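Asker: Pasting a structure here, questions to come.
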Amino acid sequence: MWQTVRALRASGVTIILTTHYIEEAEQMADRIGVINKGEIILVEQKAELMRKLGKKQLTLQLDAQLKAVPAALARYDLLLSSDGDELTYTYDTQGERGGITSLLADLGSAGIRFRDLHTTESSLEDIFVGLVRQAK
């Protein structure tokens, strides 16, 4: 069935797919519509939706535990894990620069060292859940 749907889509046929499976929408859709309690709360190009509402996070696994985020780093709005082992920086995907270079420099100046880092990006499901929660 999906092969047929993809072939129709590739030939230019407009397909309206209703689904509770975000993965399907993420794979198939060019545009996303979100309906909450019978009301359309958003219709947007998928790429634009991801750009506007998506976020990226940089998580740093620290060499040494912190009890609190130093005041010198307040402008980054960092989230310290409950055990003090990780710092998470959330940045805007729309910005030209995420501020990561300056964050890393400021961490070094503050004497904070890390042993590993990784980044994550919002999924379509994260955005959907956020939209539905906002609409309540």
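Starting from 1 in every chain, residues are counted up; chains themselves are A, B, ... following the order of the structure tokens, and ligands are numbered from 1 as listed.
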Quick one: everything within 10 Å of Ala110 (chain A), counting only C-alpha atoms, minus sequence neighbours fewer than 6 positions away in the same chain. Send it as a PyMOL selection string.
Answerer: chain A and resi 70-73+104
Asker: Residues at most 8 Å from region 19-36 of chain A, counting only C-alpha atoms, excluding those fewer than 5 positions away in the same chain, as a count of residues only?
Answerer: 13
Asker: If we count only C-alpha atoms, what is near Leu80 (chain A) at a cut-off of 10 Å, once residues fewer than 2 positions away on the same chain are taken out, given as a list of chain:residue names?
Answerer: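 Near Leu80 (chain A), the qualifying residues are A:Thr59, A:Leu60, A:Gln65, A:Leu66, A:Lys67, A:Ala68, A:Val69, A:Asp77, A:Leu78, A:Ser82, A:Asp83, A:Gly84, A:Asp85, A:Glu86, A:Leu87, A:Thr88, A:Tyr89.
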Asker: Give me a file of those residues, with N, CA, C and O atoms, as a compact mmCIF listing (two decimals), in the first residue's frame.
Answerer:
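So out-v1.txt came out as:
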# COMPACT_ATOMS: atom_id res chain seq x y z
N THR A 59 24.27 18.49 25.08
CA THR A 59 24.43 17.98 26.44
C THR A 59 25.91 17.66 26.66
O THR A 59 26.53 16.96 25.86
N LEU A 60 26.43 18.20 27.74
CA LEU A 60 27.83 18.03 28.11
C LEU A 60 27.91 17.14 29.34
O LEU A 60 27.28 17.42 30.36
N GLN A 65 31.32 16.94 39.11
CA GLN A 65 29.96 17.39 39.41
C GLN A 65 29.94 18.87 39.77
O GLN A 65 30.88 19.39 40.38
N LEU A 66 28.84 19.50 39.40
CA LEU A 66 28.59 20.89 39.79
C LEU A 66 27.42 20.92 40.76
O LEU A 66 26.48 20.14 40.62
N LYS A 67 27.48 21.82 41.70
CA LYS A 67 26.35 22.01 42.61
C LYS A 67 25.35 23.01 42.03
O LYS A 67 24.18 22.94 42.30
N ALA A 68 25.88 23.95 41.22
CA ALA A 68 25.04 24.96 40.59
C ALA A 68 25.76 25.48 39.34
O ALA A 68 26.98 25.36 39.22
N VAL A 69 24.98 26.09 38.45
CA VAL A 69 25.55 26.71 37.25
C VAL A 69 26.17 28.04 37.68
O VAL A 69 25.49 28.86 38.31
N ASP A 77 21.34 30.05 29.95
CA ASP A 77 20.17 29.35 30.49
C ASP A 77 20.39 27.84 30.49
O ASP A 77 19.56 27.06 29.97
N LEU A 78 21.50 27.43 31.05
CA LEU A 78 21.87 26.01 31.09
C LEU A 78 21.04 25.26 32.12
O LEU A 78 20.68 25.80 33.16
N SER A 82 20.06 16.73 37.86
CA SER A 82 19.87 16.62 39.32
C SER A 82 21.09 16.07 40.02
O SER A 82 21.35 16.40 41.18
N ASP A 83 21.88 15.24 39.34
CA ASP A 83 23.09 14.69 39.97
C ASP A 83 24.32 15.57 39.73
O ASP A 83 25.41 15.27 40.23
N GLY A 84 24.16 16.67 38.97
CA GLY A 84 25.26 17.60 38.74
C GLY A 84 26.28 17.12 37.74
O GLY A 84 27.34 17.73 37.58
N ASP A 85 25.99 16.03 37.03
CA ASP A 85 26.94 15.44 36.09
C ASP A 85 26.81 15.96 34.66
O ASP A 85 27.70 15.73 33.84
N GLU A 86 25.69 16.61 34.33
CA GLU A 86 25.46 17.05 32.95
C GLU A 86 24.91 18.47 32.91
O GLU A 86 24.11 18.86 33.75
N LEU A 87 25.35 19.18 31.89
CA LEU A 87 24.79 20.49 31.56
C LEU A 87 24.13 20.37 30.20
O LEU A 87 24.70 19.78 29.28
N THR A 88 22.94 20.95 30.06
CA THR A 88 22.23 20.93 28.78
C THR A 88 21.97 22.36 28.34
O THR A 88 21.45 23.17 29.09
N TYR A 89 22.34 22.62 27.11
CA TYR A 89 22.15 23.93 26.48
C TYR A 89 21.15 23.76 25.34
O TYR A 89 21.37 22.97 24.42
Asker: Which of chain A end up as strand (DSSP E) when DSSP is run on this backbone - answer as a ChimeraX atom specification?
Answerer: /A:31-36,39-45,55-62,79-80,86-92,114-121
Asker: Could you please take those selected residues and save N, CA and C atoms as a CSV table (one decimal), in the first residue's frame?
Answerer:
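Writing done, so here's again01.csv:
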chain,number,residue,atom,x,y,z
A,31,ARG,N,3.5,18.6,3.9
A,31,ARG,CA,2.9,19.6,4.8
A,31,ARG,C,2.2,18.8,6.0
A,32,ILE,N,2.2,19.5,7.1
A,32,ILE,CA,1.6,18.8,8.3
A,32,ILE,C,0.4,19.7,8.8
A,33,GLY,N,-0.6,19.0,9.1
A,33,GLY,CA,-1.8,19.7,9.8
A,33,GLY,C,-2.0,19.0,11.1
A,34,VAL,N,-2.2,19.8,12.1
A,34,VAL,CA,-2.5,19.3,13.5
A,34,VAL,C,-3.9,19.6,13.9
A,35,ILE,N,-4.6,18.6,14.3
A,35,ILE,CA,-6.0,18.8,14.7
A,35,ILE,C,-6.0,18.4,16.2
A,36,ASN,N,-6.6,19.3,17.0
A,36,ASN,CA,-6.7,19.0,18.4
A,36,ASN,C,-8.2,19.3,18.8
A,39,GLU,N,-10.4,20.8,16.2
A,39,GLU,CA,-10.0,22.1,15.6
A,39,GLU,C,-8.6,22.0,15.0
A,40,ILE,N,-8.5,22.6,13.8
A,40,ILE,CA,-7.2,22.6,13.1
A,40,ILE,C,-6.4,23.7,13.8
A,41,ILE,N,-5.3,23.4,14.4
A,41,ILE,CA,-4.5,24.3,15.1
A,41,ILE,C,-3.2,24.8,14.4
A,42,LEU,N,-2.9,24.0,13.3
A,42,LEU,CA,-1.8,24.4,12.5
A,42,LEU,C,-1.8,23.6,11.2
A,43,VAL,N,-1.4,24.3,10.1
A,43,VAL,CA,-1.1,23.6,8.8
A,43,VAL,C,0.2,24.3,8.3
A,44,GLU,N,1.2,23.6,8.1
A,44,GLU,CA,2.5,24.1,7.8
A,44,GLU,C,3.4,23.2,7.0
A,45,GLN,N,4.2,23.7,6.1
A,45,GLN,CA,5.2,22.9,5.4
A,45,GLN,C,6.1,22.2,6.5
A,55,LYS,N,14.0,22.5,18.1
A,55,LYS,CA,15.1,23.0,19.0
A,55,LYS,C,16.2,22.0,19.0
A,56,LYS,N,17.3,22.5,19.2
A,56,LYS,CA,18.5,21.6,19.4
A,56,LYS,C,19.0,21.7,20.8
A,57,GLN,N,19.6,20.6,21.3
A,57,GLN,CA,20.2,20.6,22.6
A,57,GLN,C,21.6,20.0,22.5
A,58,LEU,N,22.5,20.7,23.2
A,58,LEU,CA,23.8,20.2,23.4
A,58,LEU,C,23.9,19.8,24.9
A,59,THR,N,24.3,18.5,25.1
A,59,THR,CA,24.4,18.0,26.4
A,59,THR,C,25.9,17.7,26.7
A,60,LEU,N,26.4,18.2,27.7
A,60,LEU,CA,27.8,18.0,28.1
A,60,LEU,C,27.9,17.1,29.3
A,61,GLN,N,28.6,16.1,29.2
A,61,GLN,CA,28.9,15.2,30.4
A,61,GLN,C,30.2,15.7,31.1
A,62,LEU,N,30.0,16.2,32.3
A,62,LEU,CA,31.0,16.9,33.0
A,62,LEU,C,32.1,16.0,33.6
A,79,LEU,N,20.8,24.0,31.8
A,79,LEU,CA,20.0,23.1,32.8
A,79,LEU,C,21.0,22.2,33.3
A,80,LEU,N,21.1,22.1,34.6
A,80,LEU,CA,22.0,21.2,35.3
A,80,LEU,C,21.2,20.0,35.8
A,86,GLU,N,25.7,16.6,34.3
A,86,GLU,CA,25.5,17.0,32.9
A,86,GLU,C,24.9,18.5,32.9
A,87,LEU,N,25.4,19.2,31.9
A,87,LEU,CA,24.8,20.5,31.6
A,87,LEU,C,24.1,20.4,30.2
A,88,THR,N,22.9,21.0,30.1
A,88,THR,CA,22.2,20.9,28.8
A,88,THR,C,22.0,22.4,28.3
A,89,TYR,N,22.3,22.6,27.1
A,89,TYR,CA,22.1,23.9,26.5
A,89,TYR,C,21.2,23.8,25.3
A,90,THR,N,20.0,24.5,25.4
A,90,THR,CA,19.0,24.4,24.4
A,90,THR,C,19.2,25.7,23.5
A,91,TYR,N,19.2,25.5,22.2
A,91,TYR,CA,19.4,26.6,21.3
A,91,TYR,C,18.4,26.6,20.2
A,92,ASP,N,18.2,27.7,19.6
A,92,ASP,CA,17.2,27.9,18.5
A,92,ASP,C,17.8,27.5,17.2
A,114,PHE,N,34.6,19.0,30.4
A,114,PHE,CA,33.7,17.9,30.1
A,114,PHE,C,34.4,16.8,29.4
A,115,ARG,N,33.8,15.6,29.6
A,115,ARG,CA,34.5,14.4,29.0
A,115,ARG,C,33.8,13.9,27.7
A,116,ASP,N,32.6,14.4,27.5
A,116,ASP,CA,31.8,14.0,26.3
A,116,ASP,C,30.7,15.0,26.0
A,117,LEU,N,30.2,15.0,24.8
A,117,LEU,CA,29.1,15.8,24.5
A,117,LEU,C,28.3,15.2,23.4
A,118,HIS,N,27.0,15.5,23.3
A,118,HIS,CA,26.2,15.1,22.2
A,118,HIS,C,25.1,16.1,22.0
A,119,THR,N,24.6,16.0,20.7
A,119,THR,CA,23.5,16.9,20.4
A,119,THR,C,22.2,16.1,20.0
A,120,THR,N,21.1,16.7,20.3
A,120,THR,CA,19.8,16.1,19.9
A,120,THR,C,19.0,17.2,19.2
A,121,GLU,N,18.0,16.8,18.4
A,121,GLU,CA,17.2,17.7,17.7
A,121,GLU,C,15.7,17.3,17.9
Asker: Tell me, which residues of region 15-90 of chain A carry DSSP helix (DSSP H, G or I), written as a PyMOL selection string?
Answerer: chain A and resi 22-28+46-53+71-76
Asker: Enter the distance from CA of Gly130 (chain A) to CA of Glu48 (chain A), in Å, rounded to one decimal.
Answerer: 16.0 Å
Asker: What is the distance between CA of Leu53 (chain A) and CA of Ser123 (chain A), in Å to one decimal?
Answerer: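 So the answer is 10.0 Å.
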Asker: If I take CA of Gly108 (chain A) and CA of Asp63 (chain A), how far is one from the other in Å, to one decimal?
Answerer: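 A separation of 12.2 Å between them.
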